[in-house]
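Novice: input.csv is reproduced below (CSV, C-alpha atoms).
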chain,number,residue,atom,x,y,z
A,117,MET,CA,72.2,84.4,87.6
A,118,LYS,CA,72.4,88.2,87.0
A,119,THR,CA,69.1,88.7,88.7
A,120,LYS,CA,70.2,86.8,91.7
A,121,LYS,CA,73.5,88.8,91.9
A,122,PHE,CA,71.6,92.1,91.5
A,123,LEU,CA,69.2,91.2,94.4
A,124,TYR,CA,72.2,90.1,96.5
A,125,ARG,CA,73.9,93.4,96.0
A,126,LYS,CA,70.7,95.4,96.5
A,127,THR,CA,70.1,93.6,99.8
A,128,LEU,CA,73.6,94.5,101.0
A,129,HIS,CA,73.2,98.1,99.9
A,130,ASN,CA,70.0,98.2,102.0
A,131,LEU,CA,72.0,97.0,104.9
A,132,LEU,CA,74.1,100.2,104.8
A,133,PHE,CA,71.0,102.5,104.9
A,134,ILE,CA,69.2,100.3,107.5
A,135,THR,CA,72.2,100.4,109.8
A,136,PHE,CA,72.5,104.1,109.5
A,137,TYR,CA,68.9,104.4,110.5
A,138,ALA,CA,69.4,101.9,113.3
A,139,GLN,CA,72.3,103.8,114.7
A,140,ASN,CA,70.0,106.8,115.2
A,141,VAL,CA,67.1,104.7,116.5
A,142,PHE,CA,69.2,102.8,119.0
A,143,ALA,CA,71.6,105.8,119.8
A,144,GLU,CA,71.0,105.6,123.5
A,145,GLU,CA,71.5,101.8,123.7
A,146,TRP,CA,74.6,101.9,121.5
A,147,ILE,CA,76.0,105.0,123.1
A,148,LYS,CA,78.2,106.0,120.1
A,149,PRO,CA,77.4,105.1,116.5
A,150,LEU,CA,80.1,103.8,114.1
A,151,HIS,CA,81.7,106.6,112.0
A,152,PRO,CA,79.8,106.9,108.7
A,153,ASP,CA,83.0,106.4,106.7
A,154,ASP,CA,83.8,103.2,108.6
A,155,LEU,CA,80.3,101.9,108.0
A,156,GLU,CA,80.5,102.7,104.3
A,157,ALA,CA,83.8,100.9,104.1
A,158,LEU,CA,82.5,97.7,105.8
A,159,VAL,CA,79.5,97.5,103.6
A,160,ALA,CA,81.6,98.0,100.5
A,161,PHE,CA,84.0,95.3,101.8
A,162,ARG,CA,81.0,93.0,102.3
A,163,LEU,CA,79.6,93.7,98.8
A,164,GLU,CA,82.6,92.1,97.1
A,165,ILE,CA,82.5,88.9,99.1
A,166,TRP,CA,80.7,85.6,98.8
A,167,ASP,CA,80.2,83.9,102.1
A,168,ASP,CA,78.9,80.3,102.2
A,169,GLY,CA,80.1,79.6,105.7
A,170,GLY,CA,78.0,82.1,107.6
A,171,LEU,CA,80.9,84.3,108.7
A,172,PHE,CA,78.8,87.4,108.0
A,173,GLU,CA,75.7,86.0,109.6
A,174,ASN,CA,75.5,88.6,112.4
A,175,TRP,CA,76.2,91.6,110.1
A,176,ASN,CA,72.7,93.1,110.6
A,177,MET,CA,70.9,95.9,112.2
A,178,SER,CA,70.2,94.0,115.4
A,179,ARG,CA,73.8,94.6,116.5
A,180,HIS,CA,76.1,97.5,116.7
A,181,PRO,CA,78.7,97.2,113.8
A,182,CYS,CA,81.4,97.0,116.5
A,183,ASP,CA,79.8,93.7,117.5
A,184,TRP,CA,79.8,92.2,114.1
A,185,ASN,CA,82.0,89.1,113.6
A,186,ALA,CA,85.7,89.9,112.9
A,187,ILE,CA,85.3,93.6,113.7
A,188,ASN,CA,87.2,95.2,116.6
A,189,CYS,CA,86.6,98.8,117.7
A,190,ASP,CA,88.9,98.6,120.8
A,191,CYS,CA,92.0,100.6,119.9
A,192,GLU,CA,94.1,99.4,122.9
A,193,SER,CA,93.8,95.7,122.0
A,194,ALA,CA,94.2,96.3,118.3
A,195,SER,CA,97.7,97.8,118.3
A,196,MET,CA,100.4,95.2,117.8
A,197,ARG,CA,103.0,97.9,118.5
A,198,LYS,CA,101.1,99.2,121.6
A,199,VAL,CA,100.9,102.6,120.0
A,200,PRO,CA,98.8,104.9,122.3
A,201,CYS,CA,95.3,105.7,121.1
A,202,GLU,CA,94.6,109.3,120.5
A,203,ALA,CA,91.3,110.8,119.4
A,204,ASP,CA,90.3,114.3,118.6
A,205,ASP,CA,87.0,115.8,119.8
A,206,ALA,CA,85.2,115.1,116.6
A,207,SER,CA,86.1,111.4,116.4
A,208,GLU,CA,85.1,110.9,120.0
A,209,LYS,CA,81.5,111.2,118.8
A,210,PHE,CA,81.9,107.9,116.9
A,211,GLU,CA,83.3,104.5,117.2
A,212,HIS,CA,86.0,103.4,114.8
A,213,VAL,CA,87.1,100.1,113.4
A,214,TYR,CA,90.7,99.1,114.4
A,215,THR,CA,90.8,95.5,113.2
A,216,VAL,CA,89.2,93.5,110.4
A,217,GLY,CA,90.1,89.9,111.2
A,218,PHE,CA,88.7,86.9,109.3
A,219,GLY,CA,92.0,85.2,109.3
A,220,PHE,CA,93.7,82.1,110.8
A,221,ASP,CA,90.6,79.8,110.3
A,222,ARG,CA,91.7,76.5,108.6
A,223,ASP,CA,88.0,75.4,108.3
A,224,ASN,CA,87.6,75.1,104.5
A,225,SER,CA,83.8,75.4,104.9
A,226,LYS,CA,84.3,79.0,106.2
A,227,MET,CA,86.5,80.4,103.5
A,228,LEU,CA,85.5,83.7,102.0
A,229,ALA,CA,85.8,84.4,98.2
A,230,GLY,CA,85.8,87.7,96.3
A,231,THR,CA,88.0,90.7,95.9
A,232,LEU,CA,89.3,93.3,98.3
A,233,SER,CA,87.4,96.6,98.1
A,234,PRO,CA,89.5,99.8,97.8
A,235,LYS,CA,87.1,101.4,100.1
A,236,LEU,CA,88.8,99.7,103.0
A,237,SER,CA,91.0,102.8,102.8
A,238,LYS,CA,88.1,104.7,104.4
A,239,LEU,CA,88.8,102.9,107.7
A,240,LYS,CA,91.2,105.7,108.8
A,241,SER,CA,91.9,104.2,112.2
A,242,LEU,CA,92.5,100.7,111.0
A,243,ARG,CA,95.6,99.0,112.5
A,244,SER,CA,95.3,95.4,111.4
A,245,VAL,CA,93.8,93.6,108.4
A,246,MET,CA,93.8,89.8,108.9
A,247,LEU,CA,92.4,87.9,106.0
A,248,SER,CA,94.6,84.8,105.8
A,249,ASN,CA,93.6,81.4,104.5
A,250,HIS,CA,90.7,82.4,102.2
A,251,LEU,CA,90.0,82.6,98.4
A,252,PHE,CA,90.4,86.3,97.7
A,253,THR,CA,91.4,87.1,94.2
A,254,GLY,CA,92.4,90.1,92.2
A,255,PRO,CA,95.0,92.8,93.2
A,256,ILE,CA,96.0,94.2,96.6
A,257,PRO,CA,94.4,97.7,96.6
A,258,SER,CA,97.0,100.4,96.4
A,259,GLU,CA,94.6,102.5,98.4
A,260,LEU,CA,95.6,100.7,101.5
A,261,ALA,CA,98.6,103.0,101.5
A,262,LEU,CA,96.2,105.7,102.7
A,263,LEU,CA,95.8,103.9,106.0
A,264,SER,CA,98.4,105.8,108.0
A,265,SER,CA,97.7,103.8,111.2
A,266,LEU,CA,98.0,100.4,109.6
A,267,GLU,CA,100.5,98.2,111.3
A,268,ALA,CA,99.8,94.6,110.1
A,269,LEU,CA,98.6,93.3,106.8
A,270,LEU,CA,97.9,89.6,106.7
A,271,LEU,CA,96.8,88.4,103.2
A,272,ASN,CA,98.7,85.2,103.1
A,273,ARG,CA,97.4,82.0,101.6
A,274,ASN,CA,94.9,83.5,99.2
A,275,LEU,CA,94.7,83.7,95.4
A,276,LEU,CA,95.7,87.3,95.0
A,277,THR,CA,97.3,88.5,91.7
A,278,GLY,CA,99.0,91.5,90.4
A,279,THR,CA,102.1,93.2,91.8
A,280,VAL,CA,103.0,94.3,95.3
A,281,PRO,CA,101.9,97.9,95.4
A,282,ALA,CA,104.7,100.4,95.8
A,283,GLU,CA,102.4,102.7,97.7
A,284,LEU,CA,102.0,100.0,100.4
A,285,PHE,CA,105.3,100.9,102.0
A,286,SER,CA,104.8,104.6,102.2
A,287,GLY,CA,103.1,104.4,105.6
A,288,GLY,CA,104.0,102.8,108.8
A,289,VAL,CA,103.0,99.2,108.1
A,290,THR,CA,105.4,96.9,110.1
A,291,TRP,CA,104.2,93.3,109.4
A,292,VAL,CA,103.3,92.2,105.9
A,293,PHE,CA,102.3,88.6,105.2
A,294,LEU,CA,101.8,87.9,101.5
A,295,GLU,CA,103.1,84.4,101.1
A,296,LYS,CA,101.3,81.6,99.1
A,297,ASN,CA,99.5,83.9,96.7
A,298,ASN,CA,99.9,84.4,92.9
A,299,LEU,CA,101.6,87.8,93.0
A,300,GLN,CA,103.9,88.8,90.1
A,301,GLY,CA,106.5,91.3,89.1
A,302,ARG,CA,109.3,93.0,91.1
A,303,LEU,CA,109.5,94.2,94.6
A,304,PRO,CA,109.2,98.0,94.6
A,305,GLU,CA,112.2,100.1,95.7
A,306,SER,CA,109.9,101.8,98.2
A,307,PHE,CA,110.4,98.7,100.2
A,308,CYS,CA,113.8,100.3,101.3
A,309,ASN,CA,112.2,103.3,102.9
A,310,SER,CA,109.6,101.3,104.9
A,311,SER,CA,109.1,100.6,108.6
A,312,LEU,CA,109.0,96.8,108.0
A,313,VAL,CA,110.0,94.4,110.6
A,314,TYR,CA,108.6,91.3,108.9
A,315,PHE,CA,107.9,90.8,105.2
A,316,ASN,CA,107.0,87.4,103.7
A,317,VAL,CA,106.3,86.7,100.0
A,318,GLU,CA,107.4,83.0,100.0
A,319,GLY,CA,105.5,80.9,97.4
A,320,ASN,CA,104.7,83.6,94.9
A,321,SER,CA,106.4,82.1,91.9
A,322,GLY,CA,105.6,85.0,89.7
A,323,LEU,CA,107.7,87.5,91.8
A,324,CYS,CA,110.9,88.0,89.8
A,325,GLY,CA,113.7,90.4,89.1
A,326,SER,CA,116.4,91.8,91.3
A,327,LEU,CA,115.9,92.3,95.0
A,328,PRO,CA,116.0,95.9,96.3
A,329,GLU,CA,119.6,96.5,97.5
A,330,CYS,CA,118.4,97.1,101.0
A,331,TYR,CA,117.0,93.7,101.4
A,332,LEU,CA,120.0,92.1,103.2
A,333,GLU,CA,120.2,95.1,105.4
A,334,GLN,CA,116.9,94.2,107.0
A,335,ASP,CA,118.0,92.0,109.9
A,336,LEU,CA,114.5,90.4,110.5
A,337,LEU,CA,114.0,89.4,106.9
A,338,PRO,CA,115.7,86.0,106.4
A,339,LEU,CA,116.0,84.4,103.0
A,340,ASP,CA,113.3,81.8,103.6
A,341,LEU,CA,110.7,84.5,103.4
A,342,ILE,CA,111.4,84.7,99.6
A,343,GLN,CA,111.6,80.9,98.9
A,344,ASN,CA,109.9,79.6,95.8
A,345,THR,CA,110.0,82.9,94.0
A,346,CYS,CA,112.4,83.9,91.2
A,347,LEU,CA,113.7,87.0,93.0
A,348,MET,CA,117.5,87.5,92.4
A,349,TYR,CA,120.5,89.4,93.8
A,350,GLY,CA,121.7,92.1,91.5
A,351,GLU,CA,123.0,91.0,88.1
A,352,ASP,CA,124.7,87.7,89.1
A,353,ASN,CA,121.5,85.7,88.5
A,354,LEU,CA,121.8,84.1,91.9
A,355,ASN,CA,118.4,83.0,92.8
A,356,PRO,CA,118.0,82.7,96.6
A,357,GLY,CA,114.3,81.9,96.3
A,358,GLY,CA,115.1,78.5,94.7
A,359,GLY,CA,112.3,79.2,92.2
Could you quickly redo this structure as structure tokens?
Specialist:
Amino acid sequence: MKTKKFLYRKTLHNLLFITFYAQNVFAEEWIKPLHPDDLEALVAFRLEIWDDGGLFENWNMSRHPCDWNAINCDCESASMRKVPCEADDASEKFEHVYTVGFGFDRDNSKMLAGTLSPKLSKLKSLRSVMLSNHLFTGPIPSELALLSSLEALLLNRNLLTGTVPAELFSGGVTWVFLEKNNLQGRLPESFCNSSLVYFNVEGNSGLCGSLPECYLEQDLLPLDLIQNTCLMYGEDNLNPGGG
């Protein structure tokens, strides 16, 4: 079993170097290669995932990485807030990943399993992460806070554990879907200084403690978004989540 896993990971590491090589060989056809940091992040992401449904089937050197399944390198279509796309002279030499989107598929035969690589934080232009309805386990990487352009984080309906990272709200993320996981602990106070428009943690029974005081001041965060948790208001032990 260990030998099989070693060969599996070695093959994926080879994908990284082969694709770097292919980007040079096919430079004229591909026009612009993917930024090396973006490519490293995608391969690291792939290394942590088991895929029995063929979702990664076209992640190979015969295609530009921007044409890989679930990868979007079109900035204009990736922004949910319609934020203008700006690029400096250096970045214009490369393509960048703006969306990683394996979400919304209810086909159980195409569920991904594994953990979320912290190296996703190397996708500096990333605006949306859509990984709903899979079997991801482990914690939400706090390194995602380094993604200053991130607008939407959809990790709902997985098997994620650990706490909601306080660092997550330090950037400009606007939509956060974390419902139906196995998250625990309290909601961080950094929640109050965020740019959130929508935040859903419904169904995480291990989320407990007092809600940040600012929670009710967020007009677009109704109480049903914390149903089936044990989050409470202040010291009165009122439990709006119905845990």
Novice: Rounded to one decimal place, report the atom CA of A:Glu259-atom CA of A:Ser237 distance in Å.
Specialist: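 Computed distance, atom CA of A:Glu259 to atom CA of A:Ser237, equals 5.7 Å.
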Novice: Once you count all atoms listed in the file, what closest atom pair and distance in Å to one decimal does each residue of stretch 174-194 of chain A within 8 Å of stretch 149-158 of chain A have, with rows by chain and rising residue number, as a Markdown table?
Specialist:
| residue | atom | partner | partner_atom | distance |
| --- | --- | --- | --- | --- |
| A:His180 | CA | A:Pro149 | CA | 7.7 |
| A:Pro181 | CA | A:Leu150 | CA | 6.8 |
| A:Cys182 | CA | A:Leu150 | CA | 7.3 |
Novice: Hey, what's within 10 Å of stretch 248-258 of chain A if we count only C-alpha atoms and toss same-chain stuff fewer than 2 positions away? As a PyMOL selection string, please?
Specialist: chain A and resi 164-166+217-224+226-237+245-246+260-262+269-284+293-299
Novice: For the atom pair atom CA of A:Val289 and atom CA of A:Thr215, what is the interatomic distance in Å to one decimal place?
Specialist: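 Taking atom CA of A:Val289 as the start and atom CA of A:Thr215 as the end point, the length is 13.7 Å.
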Novice: Just how far from atom CA of A:Leu312 is atom CA of A:Pro328, in Å to one decimal?
Specialist: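 Rounded to one decimal, the two atoms are 13.7 Å apart.
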Novice: Can I get stretch 278-308 of chain A with N, CA and C atoms filled in, as an mmCIF file, keeping the file's coordinate frame?
Specialist:
data_model
loop_
_atom_site.group_PDB
_atom_site.id
_atom_site.type_symbol
_atom_site.label_atom_id
_atom_site.label_comp_id
_atom_site.auth_asym_id
_atom_site.auth_seq_id
_atom_site.Cartn_x
_atom_site.Cartn_y
_atom_site.Cartn_z
ATOM 1 N N GLY A 278 98.503 90.178 90.556
ATOM 2 C CA GLY A 278 99.000 91.500 90.400
ATOM 3 C C GLY A 278 100.352 91.703 91.086
ATOM 4 N N THR A 279 100.793 92.933 91.179
ATOM 5 C CA THR A 279 102.100 93.200 91.800
ATOM 6 C C THR A 279 101.912 93.648 93.249
ATOM 7 N N VAL A 280 103.039 93.717 93.944
ATOM 8 C CA VAL A 280 103.000 94.300 95.300
ATOM 9 C C VAL A 280 103.026 95.791 95.154
ATOM 10 N N PRO A 281 101.970 96.472 95.607
ATOM 11 C CA PRO A 281 101.900 97.900 95.400
ATOM 12 C C PRO A 281 103.016 98.695 96.010
ATOM 13 N N ALA A 282 103.653 99.543 95.222
ATOM 14 C CA ALA A 282 104.700 100.400 95.800
ATOM 15 C C ALA A 282 104.246 101.278 96.862
ATOM 16 N N GLU A 283 103.001 101.729 96.741
ATOM 17 C CA GLU A 283 102.400 102.700 97.700
ATOM 18 C C GLU A 283 102.292 102.017 99.109
ATOM 19 N N LEU A 284 102.271 100.693 99.132
ATOM 20 C CA LEU A 284 102.000 100.000 100.400
ATOM 21 C C LEU A 284 103.031 100.324 101.469
ATOM 22 N N PHE A 285 104.254 100.653 101.062
ATOM 23 C CA PHE A 285 105.300 100.900 102.000
ATOM 24 C C PHE A 285 105.550 102.332 102.383
ATOM 25 N N SER A 286 104.642 103.182 101.935
ATOM 26 C CA SER A 286 104.800 104.600 102.200
ATOM 27 C C SER A 286 104.334 105.011 103.586
ATOM 28 N N GLY A 287 103.585 104.137 104.241
ATOM 29 C CA GLY A 287 103.100 104.400 105.600
ATOM 30 C C GLY A 287 103.922 103.767 106.650
ATOM 31 N N GLY A 288 103.274 103.381 107.721
ATOM 32 C CA GLY A 288 104.000 102.800 108.800
ATOM 33 C C GLY A 288 103.774 101.319 109.039
ATOM 34 N N VAL A 289 103.285 100.632 107.977
ATOM 35 C CA VAL A 289 103.000 99.200 108.100
ATOM 36 C C VAL A 289 104.301 98.462 108.500
ATOM 37 N N THR A 290 104.190 97.571 109.479
ATOM 38 C CA THR A 290 105.400 96.900 110.100
ATOM 39 C C THR A 290 105.418 95.421 109.722
ATOM 40 N N TRP A 291 104.271 94.768 109.697
ATOM 41 C CA TRP A 291 104.200 93.300 109.400
ATOM 42 C C TRP A 291 103.376 93.123 108.158
ATOM 43 N N VAL A 292 103.971 92.470 107.133
ATOM 44 C CA VAL A 292 103.300 92.200 105.900
ATOM 45 C C VAL A 292 103.434 90.725 105.536
ATOM 46 N N PHE A 293 102.325 90.015 105.510
ATOM 47 C CA PHE A 293 102.300 88.600 105.200
ATOM 48 C C PHE A 293 101.586 88.411 103.850
ATOM 49 N N LEU A 294 102.344 88.077 102.803
ATOM 50 C CA LEU A 294 101.800 87.900 101.500
ATOM 51 C C LEU A 294 102.098 86.538 100.883
ATOM 52 N N GLU A 295 102.638 85.638 101.673
ATOM 53 C CA GLU A 295 103.100 84.400 101.100
ATOM 54 C C GLU A 295 101.896 83.513 100.626
ATOM 55 N N LYS A 296 102.231 82.601 99.702
ATOM 56 C CA LYS A 296 101.300 81.600 99.100
ATOM 57 C C LYS A 296 100.108 82.336 98.442
ATOM 58 N N ASN A 297 100.437 83.286 97.555
ATOM 59 C CA ASN A 297 99.500 83.900 96.700
ATOM 60 C C ASN A 297 99.951 83.701 95.232
ATOM 61 N N ASN A 298 99.447 84.495 94.299
ATOM 62 C CA ASN A 298 99.900 84.400 92.900
ATOM 63 C C ASN A 298 100.385 85.777 92.422
ATOM 64 N N LEU A 299 101.132 86.460 93.281
ATOM 65 C CA LEU A 299 101.600 87.800 93.000
ATOM 66 C C LEU A 299 102.756 87.705 91.929
ATOM 67 N N GLN A 300 102.918 88.796 91.172
ATOM 68 C CA GLN A 300 103.900 88.800 90.100
ATOM 69 C C GLN A 300 104.702 90.097 90.108
ATOM 70 N N GLY A 301 105.735 90.128 89.246
ATOM 71 C CA GLY A 301 106.500 91.300 89.100
ATOM 72 C C GLY A 301 107.663 91.482 90.056
ATOM 73 N N ARG A 302 108.144 92.692 90.215
ATOM 74 C CA ARG A 302 109.300 93.000 91.100
ATOM 75 C C ARG A 302 108.836 93.532 92.401
ATOM 76 N N LEU A 303 109.720 93.468 93.381
ATOM 77 C CA LEU A 303 109.500 94.200 94.600
ATOM 78 C C LEU A 303 109.816 95.638 94.433
ATOM 79 N N PRO A 304 108.952 96.546 94.854
ATOM 80 C CA PRO A 304 109.200 98.000 94.600
ATOM 81 C C PRO A 304 110.357 98.508 95.464
ATOM 82 N N GLU A 305 111.057 99.498 94.941
ATOM 83 C CA GLU A 305 112.200 100.100 95.700
ATOM 84 C C GLU A 305 111.688 100.820 96.943
ATOM 85 N N SER A 306 110.412 101.178 96.989
ATOM 86 C CA SER A 306 109.900 101.800 98.200
ATOM 87 C C SER A 306 109.996 100.939 99.412
ATOM 88 N N PHE A 307 110.195 99.656 99.172
ATOM 89 C CA PHE A 307 110.400 98.700 100.200
ATOM 90 C C PHE A 307 111.590 99.191 101.148
ATOM 91 N N CYS A 308 112.572 99.857 100.559
ATOM 92 C CA CYS A 308 113.800 100.300 101.300
ATOM 93 C C CYS A 308 113.522 101.414 102.263
#
